[in-house]
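**Q** File name upload_29.cif; file contents mmCIF, C-alpha atoms; full text below.
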```cif
data_coords
loop_
_atom_site.label_atom_id
_atom_site.label_comp_id
_atom_site.auth_asym_id
_atom_site.auth_seq_id
_atom_site.Cartn_x
_atom_site.Cartn_y
_atom_site.Cartn_z
CA MET A 1 90.28 117.38 86.24
CA MET A 2 91.92 117.70 89.62
CA GLU A 3 95.56 118.77 89.48
CA LEU A 4 97.69 116.20 91.24
CA ASN A 5 101.25 116.79 92.22
CA PRO A 6 103.49 114.53 90.09
CA LEU A 7 105.20 113.41 93.28
CA VAL A 8 101.87 112.21 94.67
CA ILE A 9 101.23 110.26 91.49
CA PHE A 10 104.72 108.80 91.69
CA PHE A 11 104.22 107.37 95.18
CA ALA A 12 100.63 106.40 94.56
CA SER A 13 101.60 104.34 91.54
CA ILE A 14 104.17 102.47 93.61
CA PHE A 15 102.07 101.76 96.68
CA THR A 16 98.35 102.38 96.46
CA ASN A 17 97.81 101.88 92.75
CA ASN A 18 100.45 99.26 92.17
CA MET A 19 100.24 97.98 88.60
CA ILE A 20 100.20 94.31 89.54
CA LEU A 21 98.44 94.33 92.87
CA SER A 22 95.60 96.69 92.13
CA ASN A 23 95.39 96.87 88.35
CA PHE A 24 96.44 93.32 87.46
CA LEU A 25 98.75 94.47 84.70
CA GLY A 26 101.82 92.52 83.68
CA MET A 27 100.62 89.32 85.32
CA CYS A 28 101.87 86.94 82.64
CA SER A 29 105.56 87.66 83.11
CA PHE A 30 104.97 88.24 86.80
CA ILE A 31 103.95 84.62 87.25
CA ALA A 32 106.36 83.11 84.76
CA ILE A 33 109.56 84.90 85.79
CA SER A 34 109.23 85.42 89.53
CA SER A 35 111.06 82.36 90.76
CA GLU A 36 114.46 83.98 91.27
CA ILE A 37 115.35 87.33 92.81
CA LYS A 38 118.18 88.10 90.43
CA THR A 39 116.33 87.56 87.19
CA SER A 40 113.21 89.28 88.41
CA LEU A 41 115.26 92.30 89.43
CA SER A 42 116.74 92.49 85.93
CA LEU A 43 113.30 92.18 84.40
CA GLY A 44 111.99 94.85 86.73
CA GLN A 45 114.75 97.24 85.70
CA ALA A 46 114.06 96.62 82.04
CA VAL A 47 110.33 97.18 82.52
CA THR A 48 110.89 100.40 84.50
CA PHE A 49 113.20 101.72 81.82
CA VAL A 50 110.90 100.89 78.92
CA LEU A 51 107.80 102.08 80.79
CA THR A 52 109.19 105.51 81.57
CA PHE A 53 110.31 106.23 78.05
CA THR A 54 107.37 104.73 76.17
CA THR A 55 104.96 106.67 78.37
CA LEU A 56 106.80 109.85 77.48
CA LEU A 57 106.90 109.00 73.77
CA ASN A 58 103.26 107.98 73.68
CA TYR A 59 102.28 111.16 75.49
CA LEU A 60 104.07 113.29 72.92
CA VAL A 61 102.73 111.38 69.94
CA TYR A 62 99.18 111.32 71.27
CA HIS A 63 98.93 114.99 72.18
CA TYR A 64 100.96 116.50 69.37
CA LEU A 65 100.14 114.16 66.51
CA LEU A 66 96.97 112.15 67.02
CA VAL A 67 94.80 114.77 68.73
CA PRO A 68 95.48 117.57 66.22
CA LEU A 69 94.77 115.16 63.37
CA GLY A 70 91.59 113.83 65.02
CA LEU A 71 92.90 110.26 64.96
CA GLU A 72 92.50 109.39 68.65
CA TYR A 73 90.83 106.09 67.82
CA LEU A 74 94.05 104.85 66.21
CA ARG A 75 95.89 105.10 69.51
CA TYR A 76 95.99 101.35 70.17
CA ILE A 77 97.82 100.64 66.93
CA VAL A 78 100.10 103.64 67.28
CA PHE A 79 100.99 102.87 70.90
CA ILE A 80 101.80 99.25 70.26
CA ILE A 81 103.96 100.15 67.28
CA ILE A 82 105.82 102.78 69.31
CA ILE A 83 106.41 100.32 72.12
CA ALA A 84 107.60 97.57 69.78
CA ALA A 85 109.85 99.94 67.84
CA PHE A 86 111.27 101.46 71.01
CA VAL A 87 112.07 98.07 72.49
CA GLN A 88 113.74 96.99 69.26
CA LEU A 89 115.79 100.18 69.13
CA ILE A 90 116.88 99.93 72.75
CA GLU A 91 117.86 96.33 72.22
CA MET A 92 120.16 97.31 69.36
CA ILE A 93 121.66 100.28 71.22
CA ILE A 94 122.34 98.31 74.38
CA ASP A 95 123.77 95.43 72.40
CA ARG A 96 126.15 97.79 70.60
CA TYR A 97 127.33 100.03 73.43
CA PHE A 98 126.64 98.27 76.73
CA PRO A 99 127.29 94.56 76.22
CA ALA A 100 127.29 93.87 79.97
CA LEU A 101 123.86 95.40 80.38
CA TYR A 102 122.68 93.52 77.31
CA HIS A 103 123.58 90.27 78.96
CA ALA A 104 121.55 91.21 82.02
CA LEU A 105 118.47 92.56 80.23
CA GLY A 106 118.77 91.19 76.71
CA ILE A 107 116.47 88.21 76.85
CA PHE A 108 113.76 90.17 78.65
CA LEU A 109 113.49 93.03 76.22
CA PRO A 110 111.43 91.24 73.54
CA LEU A 111 109.11 89.98 76.28
CA ILE A 112 108.34 93.51 77.36
CA THR A 113 106.56 94.37 74.13
CA VAL A 114 103.73 92.07 75.12
CA ASN A 115 103.82 93.05 78.79
CA CYS A 116 100.39 94.54 79.34
CA ALA A 117 101.74 96.91 81.98
CA VAL A 118 103.54 98.91 79.32
CA LEU A 119 100.51 99.42 77.12
CA GLY A 120 98.27 99.71 80.18
CA VAL A 121 100.18 102.64 81.65
CA SER A 122 99.94 104.53 78.37
CA LEU A 123 96.20 103.91 78.19
CA PHE A 124 95.64 104.93 81.81
CA MET A 125 97.59 108.08 81.12
CA ILE A 126 95.18 109.02 78.32
CA ILE A 127 92.06 108.10 80.28
CA ARG A 128 93.14 110.04 83.37
CA ASP A 129 94.18 113.03 81.29
CA TYR A 130 97.64 113.48 82.81
CA THR A 131 99.98 116.33 81.97
CA LEU A 132 103.49 115.66 80.67
CA LEU A 133 105.13 115.80 84.08
CA GLN A 134 102.42 113.67 85.66
CA SER A 135 102.79 111.08 82.91
CA ILE A 136 106.52 110.74 83.45
CA ALA A 137 106.00 110.38 87.21
CA PHE A 138 103.28 107.84 86.57
CA GLY A 139 105.45 105.80 84.17
CA LEU A 140 108.46 105.75 86.45
CA GLY A 141 106.41 105.03 89.55
CA SER A 142 104.50 102.21 87.90
CA GLY A 143 107.74 100.63 86.76
CA LEU A 144 109.24 100.80 90.25
CA GLY A 145 106.03 99.49 91.77
CA TRP A 146 106.07 96.58 89.35
CA THR A 147 109.70 95.85 90.22
CA LEU A 148 108.91 95.99 93.92
CA ALA A 149 106.09 93.49 93.53
CA ILE A 150 107.98 91.02 91.36
CA VAL A 151 111.14 91.08 93.50
CA THR A 152 109.12 90.59 96.68
CA MET A 153 107.29 87.71 95.06
CA ALA A 154 110.57 86.13 93.94
CA GLY A 155 111.86 86.40 97.50
CA ILE A 156 108.81 84.65 98.88
CA ARG A 157 108.90 81.96 96.21
CA GLN A 158 112.54 81.19 96.95
CA LYS A 159 111.64 80.73 100.59
CA ILE A 160 108.76 78.35 99.93
CA LYS A 161 110.63 76.29 97.33
CA ASN A 162 110.84 73.29 99.65
CA ALA A 163 107.57 73.81 101.46
CA PRO A 164 105.00 71.02 101.21
CA ILE A 165 102.42 72.59 98.91
CA PRO A 166 99.31 70.65 97.82
CA LYS A 167 100.01 69.13 94.42
CA GLY A 168 97.44 71.04 92.40
CA LEU A 169 98.51 74.35 93.88
CA GLU A 170 102.15 74.10 92.83
CA GLY A 171 103.35 76.79 90.43
CA ALA A 172 100.72 79.23 89.28
CA GLY A 173 98.14 78.39 91.93
CA ILE A 174 100.26 79.17 94.95
CA THR A 175 101.76 82.21 93.23
CA LEU A 176 98.30 83.66 92.78
CA ILE A 177 97.33 83.00 96.39
CA ILE A 178 100.52 84.69 97.61
CA THR A 179 99.83 87.60 95.26
CA GLY A 180 96.42 87.87 96.86
CA LEU A 181 97.99 88.07 100.31
CA MET A 182 100.45 90.67 99.06
CA ALA A 183 97.62 92.70 97.56
CA LEU A 184 95.87 92.47 100.90
CA ALA A 185 98.95 93.85 102.63
CA PHE A 186 99.22 96.66 100.11
CA ILE A 187 95.64 97.69 100.80
CA GLY A 188 97.10 98.91 104.08
CA PHE A 189 98.67 101.74 102.10
CA SER A 190 95.40 102.87 100.57
CA GLY A 191 93.96 105.99 102.08
CA ILE A 192 97.35 107.68 102.16
CA VAL A 193 96.88 108.92 98.62
CA VAL A 194 94.11 108.31 96.16
CA ILE A 195 94.44 108.67 92.42
CA GLN A 196 91.77 107.71 90.00
CA MET B 1 85.68 66.78 59.50
CA ALA B 2 83.00 66.72 62.17
CA GLY B 3 85.35 64.84 64.46
CA LYS B 4 88.07 67.41 64.00
CA THR B 5 85.69 70.27 64.72
CA LYS B 6 84.65 68.63 67.95
CA LYS B 7 88.23 67.99 68.93
CA ILE B 8 89.21 71.63 68.45
CA MET B 9 86.24 72.83 70.48
CA ILE B 10 86.99 70.49 73.38
CA GLN B 11 90.66 71.37 73.35
CA GLY B 12 90.03 75.10 73.39
CA ILE B 13 87.34 75.05 76.01
CA TRP B 14 88.55 72.43 78.43
CA LYS B 15 91.77 70.49 77.79
CA ASP B 16 93.96 73.41 76.75
CA ASN B 17 91.87 76.10 78.35
CA PRO B 18 93.95 79.24 77.92
CA VAL B 19 93.45 80.57 81.43
CA PHE B 20 93.85 77.70 83.85
CA ARG B 21 95.84 75.28 81.69
CA GLN B 22 98.23 77.68 80.02
CA ILE B 23 98.04 80.63 82.47
CA LEU B 24 97.64 83.08 79.61
CA GLY B 25 95.73 86.32 79.48
CA ILE B 26 95.00 86.50 83.16
CA CYS B 27 95.52 90.26 83.44
CA SER B 28 92.09 91.01 82.11
CA ALA B 29 90.65 87.82 83.57
CA LEU B 30 91.28 89.33 86.98
CA ALA B 31 90.48 92.94 86.29
CA VAL B 32 87.00 92.73 84.81
CA THR B 33 85.54 89.88 86.85
CA ASN B 34 84.00 91.85 89.71
CA LEU B 35 80.73 92.01 87.76
CA MET B 36 79.27 89.27 85.55
CA LEU B 37 78.04 91.73 82.95
CA ASN B 38 81.52 93.18 82.45
CA SER B 39 82.97 89.68 82.16
CA LEU B 40 80.39 88.67 79.58
CA VAL B 41 81.11 91.70 77.40
CA MET B 42 84.85 91.25 77.76
CA GLY B 43 84.61 87.55 76.88
CA LEU B 44 82.46 88.19 73.83
CA GLY B 45 84.87 90.89 72.70
CA LEU B 46 87.74 88.47 73.06
CA ILE B 47 85.95 85.73 71.10
CA PHE B 48 85.35 88.18 68.28
CA VAL B 49 88.93 89.42 68.21
CA THR B 50 90.52 85.97 68.53
CA ALA B 51 88.33 84.36 65.88
CA PHE B 52 88.74 87.06 63.27
CA SER B 53 92.42 87.63 63.95
CA GLU B 54 93.08 83.94 63.51
CA LEU B 55 91.00 83.91 60.34
CA THR B 56 92.94 86.84 58.90
CA VAL B 57 96.33 85.53 59.93
CA SER B 58 95.48 82.18 58.41
CA LEU B 59 94.25 83.75 55.16
CA ILE B 60 97.44 85.69 54.57
CA ARG B 61 99.82 83.16 56.10
CA LYS B 62 101.32 82.16 52.74
CA TRP B 63 102.23 85.73 51.84
CA THR B 64 103.53 86.89 55.21
CA PRO B 65 107.33 87.01 55.42
CA LYS B 66 108.44 84.87 58.38
CA HIS B 67 110.53 87.44 60.20
CA ILE B 68 107.93 90.20 60.38
CA ARG B 69 104.96 87.95 61.14
CA MET B 70 104.76 89.02 64.81
CA MET B 71 104.37 92.64 63.77
CA VAL B 72 101.74 91.72 61.20
CA GLN B 73 99.80 89.72 63.78
CA THR B 74 99.92 92.55 66.28
CA LEU B 75 98.59 94.99 63.70
CA ILE B 76 95.76 92.65 62.72
CA ILE B 77 94.81 92.17 66.37
CA SER B 78 94.94 95.92 67.07
CA ALA B 79 92.65 96.61 64.14
CA TYR B 80 89.99 94.24 65.46
CA VAL B 81 90.36 95.59 69.00
CA ILE B 82 89.70 99.09 67.68
CA ILE B 83 86.50 97.80 66.10
CA VAL B 84 85.38 96.34 69.43
CA ASP B 85 86.30 99.54 71.25
CA ILE B 86 84.40 101.79 68.87
CA PHE B 87 81.41 99.45 68.91
CA LEU B 88 81.27 99.49 72.72
CA LYS B 89 81.68 103.26 72.87
CA ALA B 90 78.84 103.74 70.42
CA TYR B 91 76.27 101.28 71.76
CA TYR B 92 77.23 100.58 75.39
CA PRO B 93 79.00 103.70 76.67
CA SER B 94 78.52 102.77 80.35
CA ILE B 95 80.20 99.38 79.94
CA SER B 96 82.92 100.98 77.86
CA THR B 97 83.74 103.32 80.76
CA ALA B 98 83.60 100.49 83.28
CA LEU B 99 86.05 98.38 81.30
CA GLY B 100 88.30 101.38 80.78
CA PRO B 101 91.72 100.51 79.40
CA TYR B 102 91.10 96.79 79.57
CA VAL B 103 89.41 96.74 76.18
CA GLY B 104 92.58 98.11 74.65
CA LEU B 105 94.59 95.62 76.61
CA ILE B 106 92.99 92.79 74.63
CA ILE B 107 95.87 93.52 72.21
CA THR B 108 98.45 92.34 74.69
CA ASN B 109 96.33 89.41 75.80
CA CYS B 110 98.73 86.56 75.17
CA ILE B 111 95.91 84.16 74.25
CA ILE B 112 95.31 85.77 70.88
CA MET B 113 98.97 86.12 70.00
CA GLY B 114 99.62 82.57 71.17
CA ARG B 115 96.81 81.03 69.11
CA CYS B 116 97.75 83.05 66.01
CA GLU B 117 101.34 81.93 66.30
CA SER B 118 100.77 78.29 67.17
CA PHE B 119 97.57 77.45 65.31
CA ALA B 120 96.54 79.95 62.64
CA GLN B 121 100.04 80.05 61.15
CA ASN B 122 99.80 76.37 60.10
CA ASN B 123 96.12 75.70 59.53
CA PRO B 124 93.47 76.56 56.90
CA PRO B 125 91.19 79.56 57.58
CA HIS B 126 88.01 77.75 58.61
CA LEU B 127 89.80 75.67 61.24
CA ALA B 128 91.67 78.73 62.48
CA PHE B 129 88.41 80.61 62.87
CA LEU B 130 86.93 77.71 64.78
CA ASP B 131 89.97 77.48 67.02
CA GLY B 132 89.62 81.17 67.79
CA VAL B 133 85.98 80.70 68.78
CA ALA B 134 86.89 77.72 70.96
CA SER B 135 89.76 79.44 72.79
CA GLY B 136 87.67 82.56 73.23
CA THR B 137 84.78 80.53 74.63
CA GLY B 138 87.10 78.77 77.05
CA TYR B 139 88.25 82.17 78.23
CA LEU B 140 84.69 83.50 78.50
CA LEU B 141 83.63 80.51 80.61
CA VAL B 142 86.48 81.04 83.07
CA LEU B 143 85.62 84.73 83.35
CA LEU B 144 82.00 83.86 84.04
CA VAL B 145 82.88 81.30 86.71
CA ILE B 146 85.21 83.71 88.52
CA SER B 147 82.81 86.63 88.28
CA PHE B 148 79.90 84.43 89.39
CA PHE B 149 81.55 83.87 92.76
CA ARG B 150 82.97 87.36 93.04
CA GLU B 151 79.72 89.14 92.31
CA LEU B 152 77.63 86.72 94.34
CA LEU B 153 79.79 86.97 97.43
CA GLY B 154 80.85 90.58 96.98
CA PHE B 155 77.52 92.21 96.15
CA GLY B 156 74.95 89.43 96.72
CA THR B 157 73.80 89.89 93.13
CA LEU B 158 74.06 88.18 89.73
CA PHE B 159 74.02 90.37 86.60
CA GLY B 160 72.91 93.18 88.92
CA ILE B 161 69.85 91.26 90.17
CA SER B 162 69.73 90.70 93.90
CA VAL B 163 69.96 86.98 94.71
CA LEU B 164 70.94 86.61 98.31
CA GLY B 165 68.54 89.21 99.68
CA GLU B 166 68.88 92.07 102.13
CA ALA B 167 70.23 90.03 105.02
CA TRP B 168 73.41 89.10 103.11
CA VAL B 169 76.54 90.77 104.43
CA SER B 170 78.72 91.49 101.40
CA TRP B 171 82.30 90.26 101.38
CA THR B 172 83.90 93.48 100.24
CA LEU B 173 87.16 91.59 99.87
CA MET B 174 85.82 89.67 96.89
CA ILE B 175 85.35 92.83 94.83
CA MET B 176 88.78 94.11 95.69
CA PRO B 177 91.94 92.87 93.93
CA PRO B 178 92.91 90.23 96.55
CA GLY B 179 89.60 88.47 96.02
CA ALA B 180 90.41 88.11 92.33
CA PHE B 181 93.81 86.57 93.05
CA PHE B 182 92.42 84.12 95.59
CA MET B 183 89.56 83.13 93.32
CA LEU B 184 91.77 82.41 90.32
CA GLY B 185 94.29 80.56 92.47
CA ILE B 186 91.57 78.32 93.87
CA LEU B 187 90.05 77.77 90.43
CA ILE B 188 93.42 76.65 89.06
CA TRP B 189 93.82 74.32 92.00
CA VAL B 190 90.39 72.73 91.53
CA THR B 191 90.71 72.29 87.78
CA LYS B 192 94.24 70.93 88.03
CA ASN B 193 93.03 68.26 90.40
CA MET B 194 90.12 67.40 88.13
CA ILE B 195 92.23 67.15 84.99
CA SER B 196 95.36 65.53 86.36
CA GLU B 197 93.52 62.47 87.70
CA LYS B 198 92.86 60.94 84.29
CA PRO B 199 96.22 61.14 82.50
CA ALA B 200 98.01 59.99 85.67
CA LYS B 201 97.50 56.36 84.58
CA GLY B 202 98.77 56.82 81.05
CA GLY B 203 101.87 58.66 82.21
CA ALA B 204 101.23 62.12 80.78
CA LYS B 205 104.03 64.55 80.13
CA SER B 206 103.62 67.07 82.91
#
```
What does the file become when written as structure tokens?
**A**
Amino acid sequence: MMELNPLVIFFASIFTNNMILSNFLGMCSFIAISSEIKTSLSLGQAVTFVLTFTTLLNYLVYHYLLVPLGLEYLRYIVFIIIIAAFVQLIEMIIDRYFPALYHALGIFLPLITVNCAVLGVSLFMIIRDYTLLQSIAFGLGSGLGWTLAIVTMAGIRQKIKNAPIPKGLEGAGITLIITGLMALAFIGFSGIVVIQ
Amino acid sequence: MAGKTKKIMIQGIWKDNPVFRQILGICSALAVTNLMLNSLVMGLGLIFVTAFSELTVSLIRKWTPKHIRMMVQTLIISAYVIIVDIFLKAYYPSISTALGPYVGLIITNCIIMGRCESFAQNNPPHLAFLDGVASGTGYLLVLLVISFFRELLGFGTLFGISVLGEAWVSWTLMIMPPGAFFMLGILIWVTKNMISEKPAKGGAKS
């Protein structure tokens, strides 16, 4: 396994290996909630937050609990439970101590449990055999990359709100085509850093 | 009975097709469709997981407390996904590596969760099982259509067999992520036009 600088992983996961644009993760909420910049920014923040911490938690549980016990094959169940429990916990904490933040992020938190990006990052982390520091960089970078993509998309969709789009393409269709164009633009970044 | 069976199948495969009618579960629909073989395996895996998860959810629906049912459903789905994962690792290791984390991501595929919640929760086991097969098949068909064009244009092959010959210049774009987005966007466009023509007279909801 090649040792990658965590900083390299961080930038790579924002630009070259963007979760949405090159790994297709988190598409469901990406399409459903990208019509307004403000809401998509809130969702992006919530996803970044949850991603960073669940990646860390899953790393610790996987390497210090599942591997020693020889239970690697249970990782899907364990990861999804950790993510669900973490989201629930955060929801309660934010609700109790930061009511303003709860109003901004509250409705999105339950959605994040089923956001494939969150589970996907944890699974990629295991497959690519990252160290602790690399995993944190990867989680944070993926979250920011996801936010970047969804906010950009919301900006574009606000601009084209009144554009004459063919009837069948309205909504999901045009969003996917724009995503394709965005992915094409992001390919311009590839070659700067490569992680696999 | 026979009529109902037919109705469920048609709904799952065409009318309420999870991918292009409900825009669900497209993460994996995009990720694995650069090769037809991968798509086929992924689709079959999804049919298995959806059908059996719905069956199980339906069987225990009377004893599941309402407020923890989401958690129960997730656990049931995860258990079946683990079975698929272990099966692939044991018998088809090369495909298992190619699909990578996307097998595990079947868990967060909203199709399964959505069908469990909306159908299996209120229907007897045999119908739930059938509904799972139908939704899964609808998903598989979409995967195959997308991957047909992507593999054909991107590699000039189908299931790894050369179709277009040596002279074909591959569209590398089709194998890369943008190709997947364009393909699905166009597919949604085409199917929307095909479906929306009929209910236009009767004044459908959407």
**Q** Mind listing as an mmCIF file with C-alpha atoms, keeping the file's coordinate frame which residues of chain B are within 6 Å of chain A, counting only C-alpha atoms?
**A**
```cif
data_model
loop_
_atom_site.group_PDB
_atom_site.id
_atom_site.type_symbol
_atom_site.label_atom_id
_atom_site.label_comp_id
_atom_site.auth_asym_id
_atom_site.auth_seq_id
_atom_site.Cartn_x
_atom_site.Cartn_y
_atom_site.Cartn_z
ATOM 1 C CA CYS B 27 95.520 90.260 83.440
ATOM 2 C CA SER B 78 94.940 95.920 67.070
ATOM 3 C CA PRO B 101 91.720 100.510 79.400
ATOM 4 C CA THR B 108 98.450 92.340 74.690
ATOM 5 C CA PRO B 177 91.940 92.870 93.930
ATOM 6 C CA PRO B 178 92.910 90.230 96.550
ATOM 7 C CA PHE B 181 93.810 86.570 93.050
ATOM 8 C CA PHE B 182 92.420 84.120 95.590
ATOM 9 C CA GLY B 185 94.290 80.560 92.470
ATOM 10 C CA ILE B 188 93.420 76.650 89.060
ATOM 11 C CA TRP B 189 93.820 74.320 92.000
ATOM 12 C CA LYS B 192 94.240 70.930 88.030
ATOM 13 C CA ASN B 193 93.030 68.260 90.400
#
```
**Q** Env of Arg69 in chain B: 12 Å cut, atoms = all atoms listed in the file, seq-sep filter 4 positions within chain, self excluded. Answer as a PyMOL selection string.
**A** chain B and resi 57-58+60-65+73-76+113+116-117+120-121
**Q** Ranking B:Leu55, B:Ala167, B:Leu127, B:Val103 by minimum distance to Gly43 in chain B and counting all atoms listed in the file, which one comes first?
**A**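 Selected residue with least distance to Gly43 in chain B: B:Val103.
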**Q** Expand the PyMOL selection byres ((chain A and resi 130) around 12) into the individual residues it matches in the shown file, reporting them as a PyMOL selection string.
**A** chain A and resi 1-6+9+55-56+59-60+62-63+121-129+131-139+195-196
**Q** Of the candidates B:Trp171, B:Trp14, B:Phe52, B:Phe159, which shows the shortest atom-to-atom distance to Leu35 in chain B, using all atoms listed in the file?
**A**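 Looking at the shortest contact to Leu35 in chain B, the residue is B:Phe159.
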**Q** How many Å lie between CA of Val190 in chain B and CA of Thr33 in chain B, rounded to one decimal?
**A**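 Pair CA of Val190 in chain B / CA of Thr33 in chain B returns 18.4 Å.
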**Q** In Å, with one decimal, what is the gap from CA of Arg96 in chain A to CA of Pro110 in chain A?
**A**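 Distance between the two atoms: 16.4 Å.
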**Q** For this file, the PyMOL selection byres ((chain B and resi 42) around 10) selects which residues, as a ChimeraX atom specification?
**A** /B:28-29,32-33,36-41,43-48,84,95-96,99,102-103,106,139-140,143
**Q** Using the chain letters and numbers from the file, which residues does the PyMOL selection byres ((chain A and resi 145) around 9) grab, as a list in words?
**A**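 Applied to this file, the PyMOL selection byres ((chain A and resi 145) around 9) returns Phe11, Ser13, Ile14, Phe15, Asn17, Asn18, Met19, Ile20, Thr48, Leu140, Gly141, Ser142, Gly143, Leu144, Trp146, Thr147, Leu148, Ala149 and Ile150 of chain A.
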**Q** As an exercise, work out the distance from CA of Pro68 in chain A to CA of Ile83 in chain B in Å and give it to one decimal place.
**A**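 Atom-to-atom, CA of Pro68 in chain A to CA of Ile83 in chain B, that is 21.7 Å.
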**Q** Give the padded box for range 172-177 of chain B as JSON: axis-aligned, covering all atoms listed in the file, 4 Å on each side, centre and edge lengths in Å to one decimal.
**A**
```
{"center_x": 87.9, "center_y": 91.9, "center_z": 97.1, "size_x": 16.0, "size_y": 12.4, "size_z": 14.3}
```
**Q** Pick the closest to Ile86 in chain B from A:Leu101, A:Glu72, A:Ala12, A:Met153: which is it, counting only C-alpha atoms?
**A**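 For Ile86 in chain B, the nearest of the given residues is A:Glu72.
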**Q** With 6 Å as the cut-off and all atoms listed in the file counted, what is the closest atom pair between each nearby residue of range 117-168 of chain A and range 35-45 of chain A? Distances in Å to one decimal, ordered by chain and number, as a Markdown table.
**A**
```
| residue | atom | partner | partner_atom | distance |
| --- | --- | --- | --- | --- |
| A:Thr147 | CA | A:Gly44 | CA | 4.3 |
| A:Val151 | CA | A:Ile37 | CA | 5.7 |
| A:Ala154 | CA | A:Ser35 | CA | 5.0 |
| A:Gly155 | CA | A:Ile37 | CA | 5.9 |
| A:Arg157 | CA | A:Ser35 | CA | 5.9 |
```
